[in-house]
$ cat query-v1.txt   # compact mmCIF, C-alpha atoms
# COMPACT_ATOMS: atom_id res chain seq x y z
CA MET A 16 -74.92 -68.13 -3.94
CA THR A 17 -72.53 -66.07 -1.84
CA LEU A 18 -72.23 -69.04 0.51
CA TYR A 19 -71.03 -71.26 -2.33
CA ALA A 20 -68.58 -68.57 -3.42
CA PHE A 21 -67.35 -68.36 0.16
CA TYR A 22 -66.74 -72.11 0.37
CA PHE A 23 -64.97 -72.20 -2.98
CA LEU A 24 -62.69 -69.27 -2.08
CA SER A 25 -61.95 -70.72 1.35
CA PHE A 26 -61.02 -74.04 -0.20
CA LEU A 27 -58.66 -72.29 -2.62
CA ALA A 28 -57.10 -70.20 0.17
CA VAL A 29 -56.47 -73.17 2.45
CA MET A 30 -55.12 -75.29 -0.41
CA GLY A 31 -52.74 -72.50 -1.44
CA ALA A 32 -51.53 -72.09 2.14
CA LEU A 33 -50.96 -75.85 2.45
CA MET A 34 -49.03 -75.86 -0.82
CA VAL A 35 -46.79 -73.13 0.65
CA VAL A 36 -45.95 -75.58 3.43
CA PHE A 37 -45.34 -78.59 1.23
CA SER A 38 -43.46 -77.11 -1.73
CA ARG A 39 -39.71 -77.33 -1.33
CA ASN A 40 -38.73 -74.64 -3.80
CA PRO A 41 -38.99 -71.17 -2.17
CA VAL A 42 -40.10 -69.55 -5.45
CA THR A 43 -43.03 -71.98 -5.73
CA SER A 44 -44.07 -71.25 -2.15
CA VAL A 45 -44.10 -67.54 -2.89
CA ILE A 46 -46.28 -68.10 -5.99
CA PHE A 47 -48.75 -70.18 -3.97
CA LEU A 48 -48.82 -67.51 -1.28
CA VAL A 49 -49.69 -64.95 -3.97
CA MET A 50 -52.62 -67.23 -4.94
CA THR A 51 -53.76 -67.31 -1.30
CA PHE A 52 -53.56 -63.52 -1.12
CA PHE A 53 -55.69 -63.17 -4.25
CA THR A 54 -58.37 -65.41 -2.74
CA ILE A 55 -58.25 -63.33 0.45
CA ALA A 56 -58.77 -60.22 -1.68
CA CYS A 57 -61.81 -61.95 -3.22
CA HIS A 58 -63.08 -62.57 0.33
CA TYR A 59 -62.80 -58.83 0.96
CA MET A 60 -64.86 -58.23 -2.18
CA LEU A 61 -67.49 -60.63 -0.83
CA LEU A 62 -67.45 -58.66 2.42
CA ASN A 63 -68.03 -55.45 0.44
CA ALA A 64 -64.66 -53.97 1.46
CA GLN A 65 -63.62 -52.86 -1.99
CA PHE A 66 -60.89 -50.39 -1.02
CA LEU A 67 -59.27 -52.97 1.21
CA ALA A 68 -59.38 -55.58 -1.58
CA ALA A 69 -57.65 -53.21 -3.99
CA VAL A 70 -55.01 -52.20 -1.42
CA HIS A 71 -54.46 -55.84 -0.55
CA VAL A 72 -53.80 -56.84 -4.17
CA ILE A 73 -51.56 -53.82 -4.84
CA VAL A 74 -49.52 -53.93 -1.64
CA TYR A 75 -49.28 -57.67 -0.98
CA ALA A 76 -49.35 -59.33 -4.38
CA GLY A 77 -47.77 -56.38 -6.15
CA ALA A 78 -45.12 -55.10 -3.77
CA ILE A 79 -44.29 -57.38 -0.86
CA MET A 80 -44.30 -60.66 -2.77
CA VAL A 81 -42.19 -59.19 -5.56
CA LEU A 82 -39.74 -58.03 -2.86
CA PHE A 83 -39.61 -61.59 -1.52
CA LEU A 84 -39.01 -62.96 -5.02
CA TYR A 85 -36.19 -60.47 -5.58
CA VAL A 86 -34.47 -61.44 -2.35
CA ILE A 87 -34.87 -65.18 -3.05
CA MET A 88 -33.32 -64.76 -6.49
CA LEU A 89 -30.60 -62.47 -5.08
CA LEU A 90 -29.59 -65.07 -2.50
CA ASN A 91 -29.90 -67.84 -5.12
CA LEU A 92 -31.98 -70.12 -2.90
CA ASN A 93 -33.34 -73.28 -4.47
CA GLU A 94 -34.19 -76.87 -3.62
CA ALA A 95 -30.58 -77.99 -3.46
CA VAL A 96 -29.70 -75.30 -0.95
CA GLU A 97 -32.63 -75.91 1.37
CA LYS A 98 -32.12 -78.89 3.61
CA GLN A 99 -35.28 -80.42 5.00
CA LYS A 100 -35.92 -80.75 8.68
CA THR A 101 -36.16 -84.13 10.36
CA LEU A 102 -39.40 -86.12 10.44
CA LEU A 103 -39.79 -85.50 14.16
CA LEU A 104 -39.79 -81.73 13.65
CA LYS A 105 -42.32 -82.05 10.82
CA VAL A 106 -44.66 -84.07 13.05
CA ALA A 107 -44.13 -81.53 15.82
CA ALA A 108 -45.02 -78.67 13.48
CA ILE A 109 -48.18 -80.41 12.26
CA VAL A 110 -49.23 -81.17 15.85
CA THR A 111 -48.57 -77.53 16.81
CA GLY A 112 -50.64 -76.11 13.98
CA GLY A 113 -53.42 -78.69 14.34
CA LEU A 114 -53.74 -78.27 18.10
CA PHE A 115 -53.82 -74.49 17.74
CA MET A 116 -56.61 -74.75 15.16
CA ILE A 117 -58.60 -77.16 17.34
CA VAL A 118 -58.31 -74.82 20.32
CA LEU A 119 -59.38 -71.79 18.26
CA SER A 120 -62.33 -73.65 16.72
CA ALA A 121 -63.41 -74.97 20.13
CA ALA A 122 -63.37 -71.43 21.48
CA LEU A 123 -65.60 -70.37 18.59
CA ARG A 124 -68.21 -73.07 19.26
CA THR A 125 -69.68 -71.26 22.22
CA ALA A 126 -69.63 -67.84 20.55
CA GLU A 127 -72.98 -66.26 19.83
CA THR A 128 -74.05 -66.30 16.22
CA SER A 129 -74.36 -63.07 14.36
CA TYR A 130 -74.75 -62.56 10.66
CA ILE A 131 -72.66 -60.37 8.48
CA ASP A 132 -74.36 -57.28 7.15
CA THR A 133 -72.84 -56.30 3.82
CA SER A 134 -74.95 -53.19 3.38
CA VAL A 135 -72.06 -50.94 4.43
CA VAL A 136 -69.68 -50.31 1.55
CA GLY A 137 -66.02 -49.97 2.45
CA SER A 138 -65.34 -47.69 -0.49
CA ALA A 139 -62.38 -45.35 -0.72
CA ARG A 140 -64.71 -42.38 -0.04
CA ASN A 141 -66.12 -43.76 3.23
CA LEU A 142 -62.75 -45.03 4.46
CA GLY A 143 -61.06 -41.75 3.55
CA LYS A 144 -63.59 -39.78 5.57
CA VAL A 145 -62.95 -41.93 8.63
CA LEU A 146 -59.18 -41.86 8.06
CA LEU A 147 -58.88 -38.08 7.83
CA ASN A 148 -61.32 -37.31 10.65
CA GLU A 149 -61.01 -39.78 13.50
CA TYR A 150 -57.76 -41.48 12.56
CA LEU A 151 -55.70 -38.41 11.69
CA LEU A 152 -53.08 -38.94 14.42
CA PRO A 153 -52.47 -42.64 13.60
CA PHE A 154 -52.28 -41.64 9.94
CA GLU A 155 -49.44 -39.21 10.66
CA ALA A 156 -47.74 -41.70 12.98
CA VAL A 157 -47.87 -44.31 10.23
CA SER A 158 -46.18 -41.90 7.84
CA LEU A 159 -43.34 -41.54 10.37
CA LEU A 160 -43.19 -45.33 10.69
CA LEU A 161 -42.92 -45.73 6.92
CA LEU A 162 -40.13 -43.14 6.79
CA ALA A 163 -38.23 -44.89 9.59
CA ALA A 164 -38.66 -48.30 7.94
CA MET A 165 -37.49 -46.97 4.58
CA THR A 166 -34.39 -45.33 6.09
CA GLY A 167 -33.65 -48.39 8.19
CA ALA A 168 -33.95 -50.76 5.25
CA ILE A 169 -31.60 -48.63 3.15
CA MET A 170 -29.08 -48.34 6.01
CA LEU A 171 -29.19 -52.08 6.65
CA ALA A 172 -28.97 -53.25 3.05
CA ARG A 173 -26.20 -50.82 2.09
CA SER A 174 -22.86 -52.42 1.43
CA ARG A 175 -20.26 -51.59 4.04
CA LYS A 176 -17.29 -52.41 1.83
CA ARG A 177 -15.62 -49.68 -0.16
CA ILE A 178 -15.97 -50.27 -3.86
CA LYS A 179 -12.62 -51.05 -5.42
CA PRO A 180 -11.83 -48.68 -8.27
CA ALA A 181 -11.64 -50.12 -11.74
CA PRO A 182 -8.12 -50.81 -13.17
CA ASN A 183 -8.07 -47.89 -15.60
CA VAL A 184 -9.08 -45.53 -12.80
CA VAL A 185 -6.22 -46.91 -10.71
CA GLY A 186 -3.84 -46.25 -13.57
CA MET A 187 -5.08 -42.68 -13.89
CA THR A 188 -4.61 -41.95 -10.21
CA HIS A 189 -1.22 -43.54 -10.38
CA GLU A 190 -0.22 -41.31 -13.26
CA ARG A 191 -1.59 -38.34 -11.41
CA GLU A 192 0.48 -39.19 -8.35
CA GLN A 193 3.52 -39.53 -10.57
CA THR A 194 2.99 -36.13 -12.11
CA LYS A 195 2.46 -34.73 -8.64
CA THR A 196 5.78 -36.14 -7.47
CA VAL A 197 7.42 -34.83 -10.62
CA VAL A 198 6.05 -31.39 -9.91
CA HIS A 199 7.27 -31.68 -6.35
CA GLU A 200 10.74 -32.61 -7.50
CA GLN A 201 10.87 -29.66 -9.83
CA MET B 1 -76.07 -64.15 4.45
CA ILE B 2 -72.89 -65.76 5.72
CA PRO B 3 -72.64 -66.41 9.46
CA ILE B 4 -69.59 -64.85 11.05
CA GLU B 5 -68.36 -68.21 12.36
CA ASN B 6 -67.38 -69.26 8.83
CA TYR B 7 -64.97 -66.35 8.56
CA LEU B 8 -63.60 -66.98 12.03
CA VAL B 9 -62.93 -70.65 11.25
CA LEU B 10 -61.28 -69.74 7.94
CA SER B 11 -59.10 -67.20 9.72
CA ALA B 12 -58.17 -69.71 12.44
CA THR B 13 -57.21 -72.27 9.78
CA LEU B 14 -55.02 -69.82 7.90
CA PHE B 15 -53.40 -68.64 11.15
CA SER B 16 -52.58 -72.24 12.13
CA ILE B 17 -51.07 -72.94 8.71
CA GLY B 18 -48.97 -69.78 9.09
CA LEU B 19 -47.76 -71.02 12.47
CA MET B 20 -46.93 -74.37 10.86
CA ILE B 21 -44.89 -72.61 8.16
CA VAL B 22 -42.95 -70.66 10.81
CA VAL B 23 -42.13 -73.88 12.68
CA ILE B 24 -41.43 -76.18 9.73
CA LYS B 25 -39.34 -74.04 7.37
CA ARG B 26 -35.60 -73.63 7.71
CA ASN B 27 -35.23 -70.55 5.56
CA ALA B 28 -35.53 -67.14 7.19
CA ILE B 29 -37.41 -65.92 4.11
CA ALA B 30 -39.96 -68.75 4.35
CA VAL B 31 -40.45 -67.90 8.03
CA LEU B 32 -41.27 -64.32 7.00
CA LEU B 33 -43.80 -65.74 4.49
CA GLY B 34 -45.52 -67.56 7.36
CA LEU B 35 -45.64 -64.32 9.36
CA GLU B 36 -47.33 -62.53 6.45
CA LEU B 37 -49.94 -65.30 6.25
CA MET B 38 -50.67 -64.95 9.98
CA LEU B 39 -51.11 -61.19 9.65
CA ASN B 40 -53.55 -61.76 6.80
CA ALA B 41 -55.57 -64.22 8.86
CA ALA B 42 -55.89 -61.58 11.57
CA ASN B 43 -56.99 -59.08 8.90
CA ILE B 44 -59.86 -61.34 7.78
CA ASN B 45 -61.06 -61.43 11.39
CA LEU B 46 -60.95 -57.63 11.65
CA VAL B 47 -62.99 -57.09 8.48
CA ALA B 48 -65.54 -59.76 9.43
CA PHE B 49 -66.05 -58.24 12.88
CA ASN B 50 -66.41 -54.83 11.31
CA LEU B 51 -69.30 -56.04 9.19
CA ALA B 52 -70.98 -57.71 12.13
CA HIS B 53 -71.22 -54.21 13.66
CA PRO B 54 -71.57 -52.12 10.53
CA GLU B 55 -72.32 -48.71 12.02
CA ARG B 56 -68.62 -47.76 12.04
CA LEU B 57 -65.66 -48.55 9.78
CA ASP B 58 -63.07 -49.04 12.51
CA GLY B 59 -62.28 -52.65 11.67
CA GLN B 60 -61.39 -51.86 8.10
CA MET B 61 -59.19 -48.95 9.23
CA PHE B 62 -57.35 -51.34 11.53
CA ALA B 63 -56.89 -53.73 8.62
CA VAL B 64 -55.34 -50.93 6.56
CA PHE B 65 -52.91 -50.11 9.39
CA VAL B 66 -52.02 -53.79 9.74
CA ILE B 67 -51.20 -53.91 6.02
CA ILE B 68 -48.93 -50.85 6.39
CA VAL B 69 -47.09 -52.32 9.37
CA ALA B 70 -46.71 -55.64 7.51
CA ALA B 71 -45.12 -53.81 4.58
CA CYS B 72 -42.62 -52.08 6.92
CA GLU B 73 -41.86 -55.37 8.66
CA ALA B 74 -41.23 -57.17 5.37
CA ALA B 75 -38.87 -54.44 4.10
CA VAL B 76 -36.78 -54.26 7.30
CA GLY B 77 -36.81 -58.04 7.79
CA LEU B 78 -35.60 -58.72 4.27
CA ALA B 79 -32.85 -56.10 4.66
CA ILE B 80 -31.70 -57.83 7.85
CA ILE B 81 -31.72 -61.22 6.09
CA LEU B 82 -29.64 -59.79 3.23
CA GLN B 83 -27.10 -58.34 5.67
CA ALA B 84 -26.91 -61.63 7.61
CA TYR B 85 -26.36 -63.47 4.34
CA ARG B 86 -23.50 -61.15 3.53
CA VAL B 87 -21.81 -61.81 6.87
CA PHE B 88 -22.57 -65.51 7.45
CA HIS B 89 -23.12 -66.72 3.85
CA THR B 90 -26.34 -68.51 4.82
CA ALA B 91 -30.03 -67.67 5.16
CA VAL B 92 -30.79 -70.46 7.63
CA PRO B 93 -31.27 -69.08 11.16
CA ASP B 94 -30.29 -72.41 12.77
CA SER B 95 -26.73 -72.16 11.48
CA ILE B 96 -26.21 -68.56 12.62
CA SER B 97 -25.13 -69.32 16.16
CA THR B 98 -22.16 -67.07 16.87
CA LEU B 99 -23.55 -65.97 20.23
CA LYS B 100 -24.09 -69.55 21.38
CA GLU B 101 -21.55 -70.85 23.87
CA SER B 102 -19.29 -73.83 22.95
$ encode --input "query-v1.txt" --output "structure tokens"
Amino acid sequence: MTLYAFYFLSFLAVMGALMVVFSRNPVTSVIFLVMTFFTIACHYMLLNAQFLAAVHVIVYAGAIMVLFLYVIMLLNLNEAVEKQKTLLLKVAAIVTGGLFMIVLSAALRTAETSYIDTSVVGSARNLGKVLLNEYLLPFEAVSLLLLAAMTGAIMLARSRKRIKPAPNVVGMTHEREQTKTVVHEQ
Amino acid sequence: MIPIENYLVLSATLFSIGLMIVVIKRNAIAVLLGLELMLNAANINLVAFNLAHPERLDGQMFAVFVIIVAACEAAVGLAIILQAYRVFHTAVPDSISTLKES
């Protein structure tokens, strides 16, 4: 039963990833990637890693992909903007990916078989115990990394140009300068 | 019981497709999408290996850290793409070639 579920989810994941490659509209590729991420979260559920599945759905499908969608819509990218690469490059990309997969699969053929034991539950309680006992230092380091990334993203995305004041504000400052000069003259 | 090879082959397939996306797409944003897919493929491997040796939860902890680093990378990468778009008016890395001679 779980084996059939595994095959079905794997099929969905690979099909979603292939649709990311072949769809020309960037928004459609992001939607298909979200589908792939949901199937990967279902794989985590099959592997009994419930906390990881929840974090995966929240962080990837909920936060990162929405960020991608925002940026795509901000830059106004669509099919007309995206020029396609030449046929030679497409063939080269397919050969690259295919050869890499063949090499990886060939390396796995001689690996020793072991079966997955799903008796251990990756619940939030068990993971939290490990995180706050053995992984305390990486946990703190990751908080620093998040802070640095947040500051860096804000610094990078901030507009360098000064915002031009609105016309009525210009008029007000102009009047103020005039009154200042008047006062000076007096 | 699912043998661990199935997960490894699935992960290898997804990683190769991610590599294909990175090579084939012109958009910088689509290239970042391919990178995210490759990180996820690596994550599947980590969780599968963790359950092949289930006495400790190290693999799942690593997967959590990978997710955090991927989130940071996406935020900073998208900010850089936005800034490049402001300066060069394009999101295609091939046409940003100011440092290239000639």
$ residues_around --input "query-v1.txt" --residues "range 165-170 of chain A" --least-positions-apart "5" --cutoff "9 Å" --atoms "only C-alpha atoms" --output "list of chain:residue names"
A:Leu160, B:Cys72, B:Ala75, B:Val76, B:Gly77, B:Leu78, B:Ala79, B:Ile80
$ atom_distance --input "query-v1.txt" --atom1 "CA of Ile17 in chain B" --atom2 "CA of Thr43 in chain A"
16.6 Å
$ closest_residue --input "query-v1.txt" --among "A:Leu146, A:Ala156, A:Cys57, A:Ile46" --to "chain B" --atoms "all atoms listed in the file"
A:Leu146
$ closest_residue --input "query-v1.txt" --among "A:Leu89, A:Leu162, A:Met116, A:Val110" --to "chain B" --atoms "all atoms listed in the file"
A:Met116
$ residues_around --input "query-v1.txt" --residues "range 89-98 of chain B" --least-positions-apart "2" --cutoff "9 Å" --atoms "all atoms listed in the file" --output "number ranges by chain"
A: 90, 92, 97; B: 26-29, 81-82, 84-87, 100-101
$ decode --input "query-v1.txt" --residues "range 28-39 of chain B" --atoms "all heavy atoms" --output "compact mmCIF listing (two decimals), in the first residue's frame"
# COMPACT_ATOMS: atom_id res chain seq x y z
N ALA B 28 16.71 34.82 -14.55
CA ALA B 28 17.41 34.60 -13.29
C ALA B 28 16.47 33.99 -12.25
O ALA B 28 16.89 33.17 -11.43
CB ALA B 28 17.99 35.90 -12.78
N ILE B 29 15.19 34.37 -12.29
CA ILE B 29 14.25 33.85 -11.31
C ILE B 29 14.01 32.37 -11.54
O ILE B 29 13.96 31.58 -10.59
CB ILE B 29 12.94 34.65 -11.39
CG1 ILE B 29 13.22 36.08 -10.98
CG2 ILE B 29 11.88 34.05 -10.52
CD1 ILE B 29 12.04 36.97 -11.12
N ALA B 30 13.91 31.94 -12.81
CA ALA B 30 13.72 30.52 -13.10
C ALA B 30 14.94 29.71 -12.69
O ALA B 30 14.81 28.58 -12.22
CB ALA B 30 13.42 30.33 -14.57
N VAL B 31 16.13 30.32 -12.82
CA VAL B 31 17.34 29.63 -12.37
C VAL B 31 17.28 29.41 -10.86
O VAL B 31 17.64 28.33 -10.36
CB VAL B 31 18.58 30.47 -12.77
CG1 VAL B 31 19.82 29.90 -12.15
CG2 VAL B 31 18.73 30.50 -14.27
N LEU B 32 16.79 30.41 -10.12
CA LEU B 32 16.64 30.24 -8.67
C LEU B 32 15.64 29.13 -8.36
O LEU B 32 15.83 28.38 -7.39
CB LEU B 32 16.18 31.55 -8.03
CG LEU B 32 17.28 32.49 -7.55
CD1 LEU B 32 16.64 33.66 -6.85
CD2 LEU B 32 18.18 31.78 -6.60
N LEU B 33 14.58 29.02 -9.17
CA LEU B 33 13.60 27.93 -8.97
C LEU B 33 14.29 26.58 -9.08
O LEU B 33 14.04 25.67 -8.28
CB LEU B 33 12.49 28.02 -10.01
CG LEU B 33 11.42 29.08 -9.87
CD1 LEU B 33 10.42 28.94 -10.98
CD2 LEU B 33 10.73 28.96 -8.55
N GLY B 34 15.17 26.44 -10.10
CA GLY B 34 15.90 25.19 -10.26
C GLY B 34 16.78 24.89 -9.06
O GLY B 34 16.86 23.74 -8.61
N LEU B 35 17.41 25.94 -8.51
CA LEU B 35 18.25 25.74 -7.31
C LEU B 35 17.41 25.23 -6.15
O LEU B 35 17.83 24.33 -5.40
CB LEU B 35 18.91 27.06 -6.94
CG LEU B 35 20.13 27.45 -7.76
CD1 LEU B 35 20.68 28.76 -7.26
CD2 LEU B 35 21.17 26.38 -7.63
N GLU B 36 16.21 25.78 -5.97
CA GLU B 36 15.34 25.33 -4.88
C GLU B 36 14.99 23.86 -5.05
O GLU B 36 14.99 23.09 -4.08
CB GLU B 36 14.06 26.16 -4.85
CG GLU B 36 14.25 27.63 -4.63
CD GLU B 36 14.69 27.93 -3.23
OE1 GLU B 36 14.31 27.19 -2.32
OE2 GLU B 36 15.41 28.92 -3.04
N LEU B 37 14.72 23.45 -6.31
CA LEU B 37 14.38 22.05 -6.56
C LEU B 37 15.56 21.15 -6.22
O LEU B 37 15.37 20.07 -5.61
CB LEU B 37 13.97 21.88 -8.02
CG LEU B 37 13.35 20.54 -8.36
CD1 LEU B 37 12.11 20.32 -7.52
CD2 LEU B 37 12.99 20.47 -9.82
N MET B 38 16.79 21.59 -6.54
CA MET B 38 17.96 20.76 -6.22
C MET B 38 18.14 20.63 -4.71
O MET B 38 18.45 19.54 -4.20
CB MET B 38 19.21 21.39 -6.85
CG MET B 38 19.28 21.21 -8.34
SD MET B 38 20.35 22.41 -9.12
CE MET B 38 21.89 21.55 -9.07
N LEU B 39 17.91 21.72 -3.98
CA LEU B 39 18.03 21.64 -2.51
C LEU B 39 17.01 20.66 -1.94
O LEU B 39 17.30 19.90 -1.01
CB LEU B 39 17.83 23.03 -1.91
CG LEU B 39 19.01 23.97 -2.05
CD1 LEU B 39 18.61 25.36 -1.64
CD2 LEU B 39 20.13 23.50 -1.17
